[in-house]
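Just below is one structure, and these are the notes that go with it.
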Amino acid sequence: MNSSTRPRGIVERLLAANSWIVYTFFYAPILVLVFFSFNDNRNVGVWTHASLRWYGELAQSHDIIRSVKNSLIVATVATIVSTVIGTAAALSMERFRYRGQRTYDALLYLPIIIPDVTMAVMMLLFFVQAFGVANNLLGTRIELGLGSISLAHIAFDISFVAVVVRARLAQMDSSLEEAARDLYASRWQTFRRVTLPLIMPGVAGGALLALTMSLDDVVVTSFVTGPGSTTLPVYVFGLVKRGVTPLVNAVSTLMLVASMLLVAGSLFFQRRSRATGRGGGTVET
Amino acid sequence: MTGDTVPVTPDLERAAERAERRRGFRLGLPGFAYLVIFFAIPLIMVFVYSFATRSSTGKTLLQDWNLQSYQRLVDPIVRQIAWRSLWLAVVTTVICLILAYPFAYFIATRRPVVRNVLLVLVMIPFWSNFLVRTYAWRVLLGSDGPVSQLTELLGLGQTRILFTPLAILIGLVYGFLPFMVLPLYAAIERIDWSLVEAARDLYANGWMAFRRVTLPLSRPGVVAGSILVFIPSLGAYVTPEILGGAKTTLLGSYIVQQFLAARNWPFGAALSFAVMAVMLAATLIYFREGGQTL
Amino acid sequence: MKPRTTIVILLVVLLMVVMSACGNSADTTTTGAPAQTTTTAAEAMGCSAGQVDGDLNFYNWSDYIDPDLITAFQDEYGVTVTQDFYESNEEMLAKIQAGVHYDLIVPSDYMVGIMIDDGELMKLDKAALTNLGNLDPQFVNMPFDPTSDFSVPYQWGTTGLGVDLAVVGEDHPYSWGIIFDPEMNQGHQVSMLNDAREAMGAALKYLGYSLNSTSLDELQQAADLIKSAKDVIVTFDSDNYNDNLVNGEVSISHGYNGNFFTSFDAADNPDQYEYFMPEEGGTVWVDNMAIPANVDHPCTALTFINFLLDAQNGAQLTNYNYYASPNAAAKEYIDPDILGDTAVYPDEQTMKRLEFIEDTGDFEINYTDYFTQAKS
């Protein structure tokens with residue numbers, strides 16, 4: 001892009017103005033949300049004076065603490081499992097040829113395009129039936145809970161990880177791997193020393209995406225949750241429906257801070273890995 | 001292994017190929033097995049349930065298979081809800097496109113350093129919790145919320161946008177705008193600007209160069225972004241629930257209702273399956289349009 | 001392509017057959033088949049008064065129990081109480097039918113009947129319920145549970161209208177018409193319950209029909225009536241109806257009496273608000289404690305029921321949520337202002353205009369369908 005192709009003059013100013021508007025649109029609600037979390041008034045939206053009482057209530061709420069724990073457990077399990085399986089799936093699709101790949105391809109894309117209501121319904125029906133059959137046959141008392149939530153999250157996370165890693169693999173120069181093989185490296189060595197470091201930004205990006213999808217999920221989780229296994233977003237959703245107080249703002253603010261730290265952390269990690277010369281390529285998330 | 005070479009016969013080659021295929025297959029097996037068990041089978045179950053019957057107390061009886069649920073899909077109510085959801089999804093997509101295109105174009109035409117900063121500023125809302133971002137509008141749009149206070153200041157009186165279709169629209173646009181911005185940015189950034197330069201050299205003015213060169217070249221991004229906004233908007237549940245006040249029934253809420261309040265699982269299954277089929281069709285169109293992978 | 005499609009079709013057919021076979025047996029078992037087997041289960045448990053067998057999973061309406069009572073129970077018996085909330089009876093039933101395990105639920109009158117017929121409830125071990133005698137006799141052996149073997153009354157109340165007098169005026173009509181009548185509802189903002197039976201019931205009562213109508217024509221009229229009032233109905237909400245009124249989001253709110261009073265008391269200007277039962281009549285309801293058949297901790301559940309049947313605890317419940325108590329022994333501990341309030345304890349005249357919601361059997365689904373029609 002040089003000076004003759006860059007937008008100039010009034011067009012440039014209009015574009016800049018539009019961008020300001022969009023950024024304001026993005027951030028204003030978030031800022032308002034955070035602002036009102038320090039509001040003393042029970043009525044959200046009407047400012048009385050500053051107070052930390054909602055944060056205090058938050059810290060004492062067993063329900064919230066438990067739902068945070070649940071969210072973290074499910075998200076961690078789902079992210080780890082789906083990243084491993086998803087990366088393997090991506091490698092399998094991009095670096096190999098075998099029969100049934102097209103079916104696998106379709107199967108990998110379905111969880112991404114399926115509406116989450118349908119996914120929620122699917123998982124509920126599946127678990128109700130599966131647990132019913134298992135309990136009948138084995139005399140167990142399995143029921144909906146953290147296990148079913150994790151299983152459901154992994155199901156859609158695998159696809160997200162696979163898509164991101166596949167994109168990265170496609171971009172990557174496969175001749176590097178060939179060169180390694182020519183130098184008598186075994187498959188595992190090639191993977192560990194050449195492929196993996198090169199696709200690491202993709203794997204990290206996929207893992208981050210899986211983590212976010214898992215922490216964000218409301219509908220699927222609320223359908224397959226059992227007593228005591230509520231996750232944070234489902235709990236907040238319930239709070240919003242039951243009675244809006246600045247407590248929800250306080251919870252929301254903390255969730256925002258957490259995700260910002262996560263993004264900052266991943267960017268920092270990326271920058272560092274690029275500085276040390278590993279994981280080359282453009283900034284991809 | 002130094003020095004020794006094994007003569008490469010056709011048999012050996014074929015054996016190596018087979019081994020390679022098996023390796024690839026085994027590598028993909030965990031994912032494949034998992035998705036078959038926890039995705040394909042549940043999907044088939046939904047399909048099967050859509051033919052089941054509902055007992056008078058709302059339990060699903062897996063017998064007396066029938067097409068009643070699908071026949072209900074053409075009921076006036078269902079059509080009304082479907083039409084309303086479709087319309088809302090289309091409007092959301094168009095508004096996102098209008099807002100996002102100049103925005104993405106602006107970012108893509110900055111210097112790399114500035115570009116990265118601007119991108120990060122877009123990423124932050126993107127990675128923030130979707131529910132929280134939607135809830136933010138609940139705060140803003142209430143009767144004595146900030147928006148209403150603002151209009152009061154301007155002498156326009158109190159406004160309550162909350163619990164109207166407009167609130168849902170705002171919530172959807174806000175929630176899905178990043179999904180439009182990012183693919184657009186990716187597509188525009190990839191454009192070979194020398195083509196635009198060439199157009200300028202051929203006496204095209206700014207606008208013509210944009211319309212005839214840049215815009216067509218950015219099409220993959222437009223299509224990708226539109227799909228990424230249209231599909232979740234069509235099946236949206238959380239946003240209408242929080243901002244809509246249960247007054248405007250959209251597809252997402254209608255389906256959930258069938259499983260909770262109405263306890264008509266066969267009908268809910270038929271609805272879910274139908275909505276998914278529509279989305280599948282939309283995506284296939286996208287792939288046909290020559291779109292790249294997401 | 002062909003062999004693959006054949007396989008898929010075969011899979012589907014196979015699944016249908018398998019699910020038909022397994023599904024039905026799974027259904028009957030999870031619903032605890034005939035009551036005999038569950039009775040044996042409960043009696044075999046031999047739950048004695050005050051016995052606990054693990055933590056309590058409590059599925060309740062939101063904002064319906066004093067948190068202090070929960071804490072007191074946890075402290076006295078050394079167990080943890082986990083609460084989940086539901087918006088409507090139907091939602092609760094859906095979860096129970098889906099096989100989710102809760103130890104204690106709070107179904108309304110007609111829902112108890114439905115669940116008994118379906119075999120969803122466990123027969124109560126009355127030996128463990130030593131405080132059963134505290135109950136007011138008129139709440140024992142009710143039509144929906146003739147032997148009182150499956151449920152214990154929790155709270156009872158009415159569903160009517162809360163209004164903001166500053167908007168509707170002191171001399172407003174005491175009728176459902178302030179929602180439905182175009183001449184009366186001008187300029188009002190209304191919130192109705194997001195509950196098919198309640199909302200349709202209000203419309204039916206206004207039209208002069210029974211709220212247990214089994215006439216499709218009457219239901220259609222009720223649905224049309226609600227639809228015609230869509231301009232003034234701001235939201236359908238079963239949780240925030242009281243908050244929305246006091247926050248000024250709405251000027252008229254359809255909801256349950258007790259929660260209204262809690263909100264009025266907490267408002268800046270309590271006299272600004274009023275709750276009343278429209279002259280056309282409305283719903284009187286009894287919510288009950290019941291134990292699902294697939295319960296995990298029956299003894300703890302029974303102990304909790306007994307705990308709430310205690311005279312002082314029952315009174316504390318009413319003093320907290322302002323709903324009427326079915327507990328005769330609790331009367332001496334209930335705040336006299338509440339006892340004397342005819343909006344909480346309606347007089348005989350009012351009671352005549354009220355109806356209990358009854359299960360309409362096969363017809364029941366029409367209420368939900370017509371309500372959805374009205375809302376869309």
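Ordering of the structure tokens sets the chain letters (A, B, ...); residue numbers start at 1 within each chain; ligands are numbered from 1 in the order shown.
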
- Hey, list the chain C side of the contact with chain B: 6 Å cut-off, only C-alpha atoms, answer as a ChimeraX atom specification. /C:20,90-91,94,235-236,249,362,368,375-376

Could the residues in this selection be written to a file with N, CA and C atoms, as a JSON list (two decimals), in the first residue's frame?
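File produced: result.json:
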```json
[["chain", "number", "residue", "atom", "x", "y", "z"],
["C", 20, "SER", "N", -36.63, -47.64, 20.68],
["C", 20, "SER", "CA", -37.98, -48.03, 21.05],
["C", 20, "SER", "C", -37.95, -49.06, 22.15],
["C", 90, "GLU", "N", -43.98, -26.27, 34.53],
["C", 90, "GLU", "CA", -43.70, -27.09, 33.35],
["C", 90, "GLU", "C", -42.20, -27.26, 33.16],
["C", 91, "GLU", "N", -41.47, -26.17, 33.43],
["C", 91, "GLU", "CA", -40.01, -26.24, 33.28],
["C", 91, "GLU", "C", -39.44, -27.25, 34.27],
["C", 94, "ALA", "N", -40.16, -30.71, 33.11],
["C", 94, "ALA", "CA", -39.31, -31.11, 31.98],
["C", 94, "ALA", "C", -37.98, -31.64, 32.48],
["C", 235, "THR", "N", -43.83, -6.94, 28.82],
["C", 235, "THR", "CA", -43.04, -8.16, 28.94],
["C", 235, "THR", "C", -43.83, -9.27, 29.60],
["C", 236, "PHE", "N", -43.43, -10.50, 29.31],
["C", 236, "PHE", "CA", -43.98, -11.65, 30.01],
["C", 236, "PHE", "C", -42.87, -12.15, 30.93],
["C", 249, "GLU", "N", -40.54, 0.20, 35.58],
["C", 249, "GLU", "CA", -40.55, -0.31, 34.21],
["C", 249, "GLU", "C", -41.98, -0.53, 33.75],
["C", 362, "ASP", "N", -55.49, -34.50, 28.92],
["C", 362, "ASP", "CA", -55.03, -34.44, 27.53],
["C", 362, "ASP", "C", -55.15, -33.04, 26.95],
["C", 368, "THR", "N", -50.58, -24.27, 26.56],
["C", 368, "THR", "CA", -49.25, -23.82, 26.16],
["C", 368, "THR", "C", -49.25, -23.35, 24.71],
["C", 375, "LYS", "N", -48.44, -14.93, 22.30],
["C", 375, "LYS", "CA", -47.23, -14.15, 22.53],
["C", 375, "LYS", "C", -46.50, -13.81, 21.25],
["C", 376, "SER", "N", -46.73, -14.57, 20.18],
["C", 376, "SER", "CA", -45.89, -14.35, 19.00],
["C", 376, "SER", "C", -46.46, -13.32, 18.05]]
```

- Message: I need the chain A residues near chain C as a PyMOL selection string; criterion: at most 7 Å, counting only C-alpha atoms.
- Response: chain A and resi 128-129+132-133+136+143-144+226-228+241-243

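Comparing B:Ile285, B:Leu88, B:Leu97, B:Val132 by their smallest distance to chain A, the closest is B:Val132 (using only C-alpha atoms).
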
- Task: Identify, on the basis of only C-alpha atoms, every residue whose closest approach to segment 127-130 of chain C does not exceed 9 Å; exclude the query and any residue fewer than 5 positions from it along the same chain; express the result as a ChimeraX atom specification.
- Result: /C:46-51,299,302-303,305-307,309

Write out the residues from the selection above, keeping N, CA and C atoms, as a short mmCIF file (atom, residue, chain, number, x, y, z; two decimals), in the first residue's frame.
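Printed below is part-v6.cif as written:
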```
data_model
loop_
_atom_site.label_atom_id
_atom_site.label_comp_id
_atom_site.auth_asym_id
_atom_site.auth_seq_id
_atom_site.Cartn_x
_atom_site.Cartn_y
_atom_site.Cartn_z
N GLY C 46 -36.34 -46.61 55.67
CA GLY C 46 -36.59 -46.46 57.10
C GLY C 46 -36.10 -45.13 57.63
N CYS C 47 -36.48 -44.09 56.93
CA CYS C 47 -36.05 -42.78 57.40
C CYS C 47 -36.73 -42.43 58.69
N SER C 48 -35.93 -42.17 59.69
CA SER C 48 -36.52 -41.74 60.96
C SER C 48 -36.45 -40.22 61.04
N ALA C 49 -37.22 -39.68 61.95
CA ALA C 49 -37.27 -38.23 62.08
C ALA C 49 -35.89 -37.67 62.35
N GLY C 50 -35.51 -36.66 61.58
CA GLY C 50 -34.22 -36.01 61.82
C GLY C 50 -33.04 -36.72 61.20
N GLN C 51 -33.30 -37.79 60.45
CA GLN C 51 -32.19 -38.51 59.84
C GLN C 51 -31.76 -37.82 58.54
N CYS C 299 -33.89 -39.25 52.92
CA CYS C 299 -34.00 -38.96 54.35
C CYS C 299 -33.77 -37.48 54.62
N LEU C 302 -36.86 -35.60 53.58
CA LEU C 302 -37.94 -35.72 54.55
C LEU C 302 -37.66 -34.85 55.78
N THR C 303 -36.42 -34.86 56.21
CA THR C 303 -36.06 -34.05 57.37
C THR C 303 -36.27 -32.57 57.09
N ILE C 305 -38.42 -31.29 54.97
CA ILE C 305 -39.86 -31.04 54.97
C ILE C 305 -40.35 -30.88 56.40
N ASN C 306 -39.93 -31.79 57.26
CA ASN C 306 -40.32 -31.74 58.66
C ASN C 306 -39.84 -30.46 59.32
N PHE C 307 -38.63 -30.05 58.94
CA PHE C 307 -38.04 -28.83 59.46
C PHE C 307 -38.93 -27.63 59.15
N LEU C 309 -42.07 -27.76 58.52
CA LEU C 309 -43.40 -27.92 59.12
C LEU C 309 -43.42 -27.45 60.57
#
```

- Please measure the separation of atom CA of Met184 of chain C and atom CA of Asp164 of chain C, giving the value in Å to one decimal.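 Those two atoms sit 14.9 Å apart.
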
- Message: Going by DSSP on the backbone, which residues of segment 8-257 of chain A come out as helix (DSSP H, G or I)? List them as a PyMOL selection string.
- Response: chain A and resi 9-36+53-60+62-95+101-113+116-138+146-171+175-182+187-216+219-224+232-242+246-257

- Query: Contacts of Ala204 of chain A at 10 Å or less, counting only C-alpha atoms, minus same-chain residues fewer than 2 places along, as a list in words?
  - Reply: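 Listing them by chain and then by number gives Thr83, Val161, Val164, Val165, Ile199, Met200, Pro201, Gly202, Gly206, Ala207, Leu208, Leu209, Ala210, Ser266, Phe269, Gln270, Glu284 and Thr285 of chain A.
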
- Task: Compile the contact shell of Ile21 of chain A as a list in words: residues with an atom at most 12 Å away, counting only C-alpha atoms, same-chain residues fewer than 5 positions apart removed.
- Result: Leu14, Leu15, Ala16, Phe26, Tyr27 and Ala28 of chain A; Leu99, Ala100, Pro102 and Phe103 of chain B

- Find the residues around Ile179 of chain C up to 12 Å (only C-alpha atoms counted), leave out those fewer than 2 positions away in its own chain, and share them as a VMD selection string. chain C and resid 160 to 163 168 172 to 177 181 to 192 199 202 to 203 206 225 to 234 250 to 254 278

- Item | atom CA of Ser92 of chain A to atom CA of Gly24 of chain B, distance in Å rounded to a single decimal |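 Between atom CA of Ser92 of chain A and atom CA of Gly24 of chain B the gap works out to 5.0 Å.
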
- Query: Which one of B:Phe130, B:Leu67, B:Ile188, B:Val74 sits closest to chain A if you count only C-alpha atoms?
  - Reply: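 Using only C-alpha atoms, the shortest distance to chain A belongs to B:Phe130.
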